[in-house]
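Okay, model-v3.txt is below, compact mmCIF, C-alpha atoms and all ligand atoms:
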# COMPACT_ATOMS: atom_id res chain seq x y z
CA MET A 1 26.75 1.00 -2.52
CA SER A 2 23.80 -0.77 -1.10
CA THR A 3 23.32 0.83 2.28
CA ALA A 4 23.23 4.34 3.59
CA ALA A 5 26.04 3.49 5.99
CA SER A 6 28.27 3.01 3.00
CA ALA A 7 28.28 6.77 2.52
CA THR A 8 30.39 7.18 5.65
CA HIS A 9 32.79 4.32 5.16
CA LYS A 10 36.12 4.97 3.49
CA ILE A 11 35.88 5.00 -0.26
CA LYS A 12 38.44 2.56 -1.59
CA THR A 13 37.75 2.27 -5.31
CA LEU A 14 36.95 4.56 -8.20
CA ALA A 15 33.87 2.44 -8.87
CA GLU A 16 32.55 3.39 -5.43
CA ILE A 17 33.13 7.06 -6.18
CA ASN A 18 31.18 6.65 -9.40
CA GLU A 19 28.31 4.97 -7.65
CA LEU A 20 28.00 7.73 -5.11
CA PHE A 21 28.73 10.76 -7.22
CA GLU A 22 28.31 11.89 -10.78
CA ILE A 23 31.83 13.14 -11.39
CA GLU A 24 32.42 15.39 -14.39
CA TYR A 25 35.71 13.86 -15.49
CA GLU A 26 36.18 16.32 -18.35
CA TYR A 27 35.75 19.28 -16.03
CA VAL A 28 38.72 21.52 -15.51
CA LEU A 29 38.87 22.53 -11.87
CA THR A 30 40.22 26.00 -11.21
CA LYS A 31 40.92 27.80 -7.97
CA GLU A 32 38.08 30.21 -8.79
CA LYS A 33 35.53 27.49 -9.45
CA TYR A 34 36.41 25.40 -6.41
CA GLN A 35 33.73 25.66 -3.76
CA ARG A 36 34.10 23.03 -1.03
CA PRO A 37 35.19 19.45 -0.41
CA ILE A 38 32.36 16.88 -0.51
CA ARG A 39 34.07 13.62 0.33
CA SER A 40 37.55 12.32 0.91
CA TYR A 41 38.77 9.03 -0.48
CA GLU A 42 41.75 6.76 -0.08
CA LEU A 43 41.81 4.30 -2.91
CA ILE A 44 43.58 0.97 -2.96
CA ASN A 45 45.04 1.83 -6.37
CA SER A 46 46.04 5.15 -7.90
CA ASP A 47 42.92 5.20 -10.03
CA ALA A 48 41.82 8.80 -9.63
CA LYS A 49 43.12 11.56 -11.87
CA CYS A 50 43.52 15.06 -10.53
CA GLN A 51 41.37 17.56 -12.46
CA TYR A 52 42.99 20.67 -11.03
CA LEU A 53 44.31 23.27 -13.46
CA LYS A 54 47.96 23.97 -12.69
CA LYS A 55 49.82 26.57 -14.73
CA SER A 56 47.34 26.36 -17.65
CA LYS A 57 47.59 22.57 -17.67
CA VAL A 58 45.35 20.00 -16.05
CA CYS A 59 47.35 18.22 -13.36
CA GLY A 60 46.19 14.75 -14.38
CA GLN A 61 48.19 13.14 -11.61
CA ALA A 62 46.98 9.63 -10.82
CA HIS A 63 46.46 9.41 -7.09
CA GLN A 64 45.04 7.37 -4.24
CA HIS A 65 44.30 10.07 -1.71
CA GLY A 66 42.10 12.95 -2.74
CA TYR A 67 38.74 14.69 -2.56
CA VAL A 68 35.50 14.92 -4.38
CA VAL A 69 34.86 18.65 -4.55
CA ASP A 70 31.94 20.83 -5.43
CA THR A 71 32.28 23.72 -7.85
CA SER A 72 30.48 27.04 -8.06
CA ASP A 73 28.80 25.93 -11.27
CA GLY A 74 27.36 22.84 -9.60
CA LYS A 75 29.76 20.17 -10.84
CA LEU A 76 31.64 17.50 -8.94
CA ALA A 77 35.31 16.94 -9.69
CA LEU A 78 38.29 15.05 -8.23
CA ILE A 79 41.40 16.67 -6.87
CA GLY A 80 44.45 14.94 -5.55
CA HIS A 81 45.48 15.42 -1.95
CA CYS A 82 48.66 17.29 -2.93
CA CYS A 83 47.02 19.80 -5.29
CA ALA A 84 44.30 20.42 -2.78
CA PHE A 85 46.86 21.42 -0.18
CA ASN A 86 49.45 23.07 -2.36
CA HIS A 87 47.47 24.94 -4.98
CA LEU A 88 44.09 25.87 -3.57
CA GLY A 89 45.92 28.10 -1.14
CA LEU A 90 43.94 26.83 1.79
CA ASP A 91 45.50 27.56 5.14
CA ASP A 92 44.86 25.34 8.13
CA GLN A 93 41.97 27.41 9.36
CA GLN A 94 40.26 27.31 5.99
CA ILE A 95 40.75 23.58 5.78
CA GLN A 96 39.20 23.17 9.18
CA ASN A 97 36.25 25.30 8.18
CA ALA A 98 35.87 23.39 4.97
CA PHE A 99 35.94 20.10 6.84
CA ARG A 100 33.36 21.32 9.27
CA GLN A 101 31.22 21.83 6.20
CA LEU A 102 32.17 18.39 5.07
CA THR A 103 30.21 16.97 7.98
CA THR A 104 27.10 18.55 6.52
CA SER A 105 28.07 17.30 3.11
CA GLU A 106 28.62 13.82 4.47
CA ARG A 107 25.18 13.95 6.00
CA ASP A 108 23.82 15.06 2.65
CA ALA A 109 25.70 12.26 0.95
CA ILE A 110 24.11 9.72 3.30
CA ARG A 111 20.65 11.08 2.60
CA LYS A 112 21.26 11.13 -1.13
CA SER A 113 22.73 7.67 -1.14
CA ARG A 114 19.69 6.34 0.71
CA VAL A 115 17.37 7.97 -1.78
CA GLN A 116 19.42 6.62 -4.67
CA ASP A 117 19.37 3.13 -3.17
CA VAL A 118 15.62 3.13 -2.75
CA PHE A 119 14.89 4.57 -6.16
CA SER A 120 17.54 2.69 -8.09
CA LYS A 121 14.76 0.18 -8.63
CA LYS A 122 12.21 2.87 -9.36
CA ASP A 123 10.91 1.12 -12.48
CA GLU A 124 10.20 -2.05 -10.52
CA LEU A 125 8.52 0.00 -7.82
CA VAL A 126 6.34 1.80 -10.38
CA GLN A 127 5.46 -1.56 -11.90
CA ARG A 128 4.51 -2.96 -8.51
CA VAL A 129 2.31 0.02 -7.63
CA LYS A 130 0.62 -0.28 -11.03
CA GLU A 131 -0.13 -3.93 -10.42
CA ILE A 132 -1.61 -3.28 -6.98
CA LEU A 133 -3.57 -0.42 -8.52
CA LYS A 134 -5.01 -2.86 -11.03
CA GLU A 135 -6.03 -5.17 -8.19
CA ALA A 136 -7.52 -2.26 -6.24
CA LYS A 137 -9.60 -1.23 -9.24
CA SER A 138 -10.78 -4.74 -9.85
CA LEU A 139 -11.71 -5.03 -6.16
CA GLN A 140 -13.73 -1.85 -6.50
CA SER A 141 -15.62 -3.04 -9.55
CA GLU A 142 -16.13 -6.50 -8.08
CA ALA A 143 -17.57 -4.97 -4.90
CA GLN A 144 -19.82 -2.76 -6.97
CA SER A 145 -21.06 -5.56 -9.17
CA VAL A 146 -21.81 -7.83 -6.19
CA LEU A 147 -23.61 -5.03 -4.37
CA SER A 148 -25.64 -4.01 -7.39
CA ALA A 149 -26.98 -7.58 -7.59
CA ILE A 150 -28.24 -7.47 -3.99
CA PRO A 151 -31.57 -5.79 -3.13
CA GLU A 152 -30.88 -2.40 -1.58
CA LYS A 153 -32.70 -3.11 1.69
CA ILE A 154 -30.51 -6.17 2.16
CA VAL A 155 -27.33 -4.20 1.47
CA VAL A 156 -28.41 -1.79 4.20
CA ALA A 157 -29.01 -4.72 6.56
CA LEU A 158 -25.61 -6.21 5.69
CA ILE A 159 -23.78 -2.95 6.39
CA ASP A 160 -25.66 -2.59 9.66
CA ARG A 161 -24.79 -6.12 10.75
CA TRP A 162 -21.16 -5.74 9.74
CA LYS A 163 -20.86 -2.47 11.69
CA ARG A 164 -22.50 -3.90 14.77
CA ASN A 165 -20.57 -7.14 14.34
CA ASN A 166 -23.91 -8.89 14.66
CA LEU A 167 -23.36 -11.70 12.23
CA LYS A 168 -25.55 -14.48 13.58
CA ILE A 169 -28.83 -14.66 11.71
CA ASN A 170 -31.62 -15.90 13.90
CA TRP A 171 -35.19 -16.67 13.12
CA GLU A 172 -37.86 -17.90 15.50
CA TYR A 173 -40.36 -20.68 15.24
CA LEU A 174 -43.75 -20.89 16.87
CA ILE A 175 -44.91 -23.75 19.04
CA VAL A 176 -48.53 -23.65 20.04
CA LYS A 177 -49.55 -25.57 23.11
CA ARG A 178 -53.22 -26.40 23.30
CA SER A 179 -54.96 -27.57 26.42
CA LYS A 180 -58.43 -27.47 27.89
CA ASP A 181 -59.42 -25.64 31.01
CA GLU A 182 -61.67 -27.13 33.69
CA ARG A 183 -64.74 -26.00 31.75
CA GLY A 184 -63.49 -27.80 28.65
CA LYS A 185 -62.58 -24.64 26.80
CA THR A 186 -59.46 -24.81 24.55
CA ILE A 187 -56.53 -22.72 25.76
CA THR A 188 -53.67 -21.97 23.38
CA GLU A 189 -50.27 -20.89 24.52
CA ASN A 190 -47.89 -19.46 21.91
CA SER A 191 -44.15 -19.76 22.44
CA TRP A 192 -41.42 -18.59 20.09
CA TYR A 193 -38.08 -20.37 20.09
CA PRO A 194 -34.85 -19.36 18.38
CA HIS A 195 -33.59 -21.01 15.24
CA GLU A 196 -30.08 -20.20 14.11
CA CYS A 197 -29.86 -19.83 10.36
CA GLY A 198 -26.13 -19.34 10.35
CA THR A 199 -23.35 -16.79 10.74
CA LEU A 200 -22.63 -14.34 7.96
CA LYS A 201 -19.12 -14.46 6.60
CA GLY A 202 -17.16 -12.21 4.28
CA VAL A 203 -18.62 -8.84 5.23
CA GLY A 204 -16.22 -5.89 5.38
CA VAL A 205 -15.28 -2.46 4.07
CA TRP A 206 -16.04 -3.62 0.54
CA LEU A 207 -19.74 -3.23 1.41
CA GLU A 208 -19.14 0.51 1.08
CA PRO A 209 -17.01 0.68 -2.08
CA GLU A 210 -17.35 4.46 -2.22
CA LYS A 211 -15.24 4.49 0.92
CA LEU A 212 -12.47 2.33 -0.53
CA THR A 213 -9.62 4.77 -1.12
CA PHE A 214 -6.94 2.26 -2.09
CA ALA A 215 -6.86 3.37 -5.71
CA GLN A 216 -6.64 7.09 -4.85
CA GLN A 217 -3.84 6.42 -2.36
CA LEU A 218 -1.94 4.37 -4.94
CA TYR A 219 -2.45 6.99 -7.65
CA SER A 220 -1.00 9.60 -5.34
CA ILE A 221 2.06 7.45 -4.59
CA LEU A 222 2.44 6.61 -8.27
CA ARG A 223 2.34 10.26 -9.32
CA LYS A 224 5.03 11.13 -6.77
CA LEU A 225 7.08 8.11 -7.74
CA GLU A 226 7.01 9.00 -11.40
CA HIS A 227 8.27 12.48 -10.59
CA ILE A 228 11.15 11.33 -8.40
CA SER A 229 14.46 12.36 -9.88
CA THR A 230 16.95 9.52 -10.17
CA ASN A 231 19.64 12.03 -10.94
CA LYS A 232 22.71 11.60 -8.74
CA ARG A 233 22.76 15.32 -8.03
CA LEU A 234 19.49 15.93 -6.30
CA THR A 235 18.47 19.45 -5.36
CA THR A 236 17.42 19.99 -1.74
CA ASN A 237 13.81 20.09 -2.86
CA GLU A 238 14.12 16.86 -4.83
CA LEU A 239 15.86 15.23 -1.87
CA GLU A 240 13.07 16.24 0.48
CA LEU A 241 10.37 15.02 -1.90
CA ALA A 242 12.19 11.71 -2.29
CA GLU A 243 12.56 11.28 1.47
CA ALA A 244 8.89 12.06 2.02
CA LEU A 245 8.01 9.42 -0.53
CA ILE A 246 10.31 6.87 1.14
CA ASN A 247 8.23 7.38 4.28
CA ASP A 248 5.10 6.63 2.26
CA LEU A 249 6.46 3.41 0.78
CA PRO A 250 5.45 1.05 3.63
CA GLN A 251 1.89 2.11 2.84
CA ILE A 252 2.13 0.23 -0.46
CA SER A 253 2.42 -3.12 1.31
CA LEU A 254 -0.39 -2.21 3.69
CA ILE A 255 -2.68 -1.31 0.82
CA GLU A 256 -1.69 -4.45 -1.05
CA ARG A 257 -2.61 -6.57 1.97
CA SER A 258 -5.92 -4.75 2.49
CA VAL A 259 -6.88 -5.15 -1.16
CA LYS A 260 -6.17 -8.88 -0.98
CA ASP A 261 -8.09 -9.17 2.30
CA GLN A 262 -11.15 -7.46 0.87
CA SER A 263 -11.04 -9.58 -2.29
CA ARG A 264 -10.90 -12.69 -0.15
CA LEU A 265 -13.85 -11.46 1.89
CA ILE A 266 -15.91 -10.96 -1.26
CA SER A 267 -15.26 -14.47 -2.48
CA THR A 268 -16.07 -15.88 0.96
CA PHE A 269 -19.26 -13.85 0.99
CA CYS A 270 -20.24 -15.10 -2.46
CA GLN A 271 -20.01 -18.76 -1.60
CA HIS A 272 -23.44 -20.32 -2.01
CA GLN A 273 -23.75 -21.53 1.59
CA ASN A 274 -23.03 -18.06 2.91
CA LEU A 275 -24.83 -16.06 0.28
CA ILE A 276 -28.05 -17.93 0.88
CA LEU A 277 -28.18 -16.38 4.37
CA ILE A 278 -29.02 -12.98 2.88
CA ILE A 279 -32.50 -14.32 2.13
CA GLN A 280 -33.02 -14.42 5.89
CA LEU A 281 -32.04 -10.81 6.52
CA THR A 282 -35.55 -9.51 6.09
CA SER A 283 -39.07 -10.80 6.59
CA ASN A 284 -40.36 -9.07 3.49
CA ARG A 285 -41.35 -11.91 1.18
CA GLU A 286 -40.88 -9.91 -2.01
CA ILE A 287 -37.38 -8.78 -1.09
CA ARG A 288 -36.50 -12.29 0.02
CA ALA A 289 -37.57 -13.56 -3.39
CA GLN A 290 -35.31 -10.96 -5.02
CA ALA A 291 -32.51 -12.16 -2.76
CA VAL A 292 -33.01 -15.71 -4.02
CA GLU A 293 -32.45 -14.42 -7.54
CA THR A 294 -29.32 -12.62 -6.31
CA VAL A 295 -27.93 -15.84 -4.88
CA TYR A 296 -28.29 -17.70 -8.16
CA LYS A 297 -27.09 -14.78 -10.22
CA LEU A 298 -23.91 -14.38 -8.15
CA THR A 299 -23.07 -18.05 -7.82
CA GLY A 300 -23.84 -18.61 -11.48
CA GLU A 301 -25.86 -21.69 -10.66
CA PRO A 302 -28.91 -22.39 -12.80
CA PHE A 303 -32.25 -21.62 -11.23
CA ASP A 304 -35.46 -22.45 -12.99
CA SER A 305 -37.87 -22.53 -10.10
CA SER A 306 -39.97 -19.73 -8.64
CA ALA A 307 -38.12 -17.46 -6.24
CA SER A 308 -41.19 -17.03 -4.02
CA ARG A 309 -41.66 -20.76 -3.80
CA PHE A 310 -38.01 -21.06 -2.84
CA VAL A 311 -38.58 -18.61 0.04
CA ASP A 312 -41.64 -20.58 1.17
CA SER A 313 -39.67 -23.79 1.10
CA ILE A 314 -37.04 -22.30 3.42
CA ASP A 315 -39.73 -21.35 5.90
CA GLN A 316 -41.36 -24.75 5.52
CA SER A 317 -38.10 -26.54 6.20
CA ILE A 318 -37.70 -24.67 9.49
CA ARG A 319 -41.29 -25.52 10.40
CA ASP A 320 -40.67 -29.16 9.57
CA ILE A 321 -37.63 -29.42 11.82
CA TYR A 322 -39.57 -28.34 14.90
CA LYS A 323 -43.09 -29.22 13.82
CA ALA A 324 -43.70 -25.53 14.28
CA GLU A 325 -46.77 -23.60 13.30
CA GLY A 326 -45.05 -20.45 12.25
CA VAL A 327 -41.71 -18.77 11.65
CA ARG A 328 -40.59 -15.19 11.88
CA ILE A 329 -37.39 -13.20 11.80
CA ALA A 330 -35.94 -12.65 15.26
CA SER A 331 -36.40 -9.09 16.42
ZN ZN A 401 46.88 17.43 -8.87

Hey, can you dump this file as structure tokens for me?
Amino acid sequence: MSTAASATHKIKTLAEINELFEIEYEYVLTKEKYQRPIRSYELINSDAKCQYLKKSKVCGQAHQHGYVVDTSDGKLALIGHCCAFNHLGLDDQQIQNAFRQLTTSERDAIRKSRVQDVFSKKDELVQRVKEILKEAKSLQSEAQSVLSAIPEKIVVALIDRWKRNNLKINWEYLIVKRSKDERGKTITENSWYPHECGTLKGVGVWLEPEKLTFAQQLYSILRKLEHISTNKRLTTNELELAEALINDLPQISLIERSVKDQSRLISTFCQHQNLILIIQLTSNREIRAQAVETVYKLTGEPFDSSASRFVDSIDQSIRDIYKAEGVRIAS
């Protein structure tokens, strides 16, 4: 039985009965214990054996047409079509009532079969959630370790830029025009022009790892999953819990995708060419020097120069491009 629809189709083999129901084959079905029919079947072969107790002897008749029935002590048993009609003493009205109930039972059977289908691979599902959980935790610690290497003021600037989607980092360079007025006095005119340092890549939710709830969400799914009963005879409560969890399952793929996305963002962010832009997020020379150290620490590239001199050389290179007399961060 691989689909829920299969619960309404005609059962044609004993194997199908066994997949749908946990039949107690040793159970002796009496008139007193009989409760209601659960499912009818018409088998291709006479494979089913009637479990009804007739005159202190189990009927045992091999049959094709019969019913799965529920008993007052919560078992499922098989009864042949003939015994059901002849010995349970059901009149037409009772049969009709019972079959009205069968509709509910059929509905139940569909729900149960769906739950059983989904959770027949429960172990694989648990395994998958555990693997994504591992990735989510490693994302969390990766985010934390990257962030702890970056000066705090720069982390704040990064979060701000990400939230405002303001990812272009601009500086300005100063061109001074000098001329003489009619009296021969030198006039200077200062003009600032924009210089684009680059566009930040790889920023995202990972910048606030305390807000990443992937692991908690997965733990919650995992806990529920581990408590799901794979028993064929689910109680109403178990059935409802299982159905609620089935509704949560698409979340697993969403979380998996988000975790992968954030991991990708971190590695994009940590590429040297991108990372170096963080030095330009502030004008504070000391913090910029710390950012230089961050860049080399995170890329793992050797750095044996002075961080402050590195900062000065960035500024100098901008000056050189434009023959500018000054640089500053764009306001
Ligand atoms: Zn019988």

Could you tell me, counting all atoms listed in the file, which protein and nucleic acid residues lie no more than 6 Å from ligand ZN 401 (chain A), written as a list in words?
-> Cys50, Tyr52, Cys59, Gln61, Ile79, Gly80 and Cys83 of chain A

Closest to Ile279 in chain A among A:Val259, A:Ile252, A:Ile329, A:Leu265, using only C-alpha atoms?
-> A:Ile329

Selected residue, from A:Val292, A:Ala84, A:Val58, A:Leu225, that lies nearest to Asp248 in chain A when counting only C-alpha atoms = A:Leu225

Suppose you want the space between CA of Leu249 in chain A and CA of Ile132 in chain A; what is it in Å?
-> 13.0 Å

Excluding same-chain residues fewer than 5 positions from His272 in chain A, what lies within 10 Å of it counting all atoms listed in the file, as a ChimeraX atom specification?
-> /A:277,295-296,298-301

Kindly provide, as AutoDock Vina command-line options, the centre and edge lengths (Å, one decimal) of an axis-aligned box around all atoms of range 211-228 of chain A given in the file, with 3 Å on each side.
--center_x -2.0 --center_y 7.4 --center_z -5.2 --size_x 32.4 --size_y 16.2 --size_z 18.3

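Going from CA of Phe303 in chain A to CA of Glu142 in chain A covers 22.3 Å.
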
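Nearest residue to Leu222 in chain A among A:Asn190, A:Gln251, A:Thr236, A:Asn45 is A:Gln251, counting all atoms listed in the file.
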
Using only C-alpha atoms, which residues sit within 9 Å of range 173-177 of chain A once same-chain residues fewer than 2 positions away are excluded, as a tab-separated table (two decimals) with C-alpha atoms, in the frame of the given file?
chain	number	residue	atom	x	y	z
A	171	TRP	CA	-35.19	-16.67	13.12
A	179	SER	CA	-54.96	-27.57	26.42
A	187	ILE	CA	-56.53	-22.72	25.76
A	188	THR	CA	-53.67	-21.97	23.38
A	189	GLU	CA	-50.27	-20.89	24.52
A	190	ASN	CA	-47.89	-19.46	21.91
A	191	SER	CA	-44.15	-19.76	22.44
A	192	TRP	CA	-41.42	-18.59	20.09
A	193	TYR	CA	-38.08	-20.37	20.09
A	194	PRO	CA	-34.85	-19.36	18.38
A	195	HIS	CA	-33.59	-21.01	15.24
A	318	ILE	CA	-37.70	-24.67	9.49
A	319	ARG	CA	-41.29	-25.52	10.40
A	322	TYR	CA	-39.57	-28.34	14.90
A	323	LYS	CA	-43.09	-29.22	13.82
A	324	ALA	CA	-43.70	-25.53	14.28
A	325	GLU	CA	-46.77	-23.60	13.30
A	326	GLY	CA	-45.05	-20.45	12.25
A	327	VAL	CA	-41.71	-18.77	11.65
A	328	ARG	CA	-40.59	-15.19	11.88
A	329	ILE	CA	-37.39	-13.20	11.80

Name the residues in contact with range 135-140 of chain A at a cut-off of 12 Å, using only C-alpha atoms, excluding same-chain residues fewer than 4 positions from it; report them as a PyMOL selection string.
-> chain A and resi 128-131+144-147+205-219+252+255-267

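If you look at CA of Ser313 in chain A and CA of Ala289 in chain A, they are 11.4 Å away from each other.
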
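With all atoms listed in the file as the basis for measurement, A:Lys112 is the residue among A:Ser331, A:Lys112, A:Leu158, A:Asn284 that approaches Asn237 in chain A most closely.
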
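Here the selection is built from only C-alpha atoms, and the residues within 8 Å of (41.7, 13.7, -5.3) turn out to be Ser40, Tyr41, Ala48, Lys49, Cys50, His63, Gln64, His65, Gly66, Tyr67, Val68, Leu78, Ile79, Gly80, His81 and Ala84 of chain A.
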
Counting all atoms listed in the file, the option among A:Lys232, A:Arg178, A:His87, A:Lys297 closest to Glu19 in chain A = A:Lys232
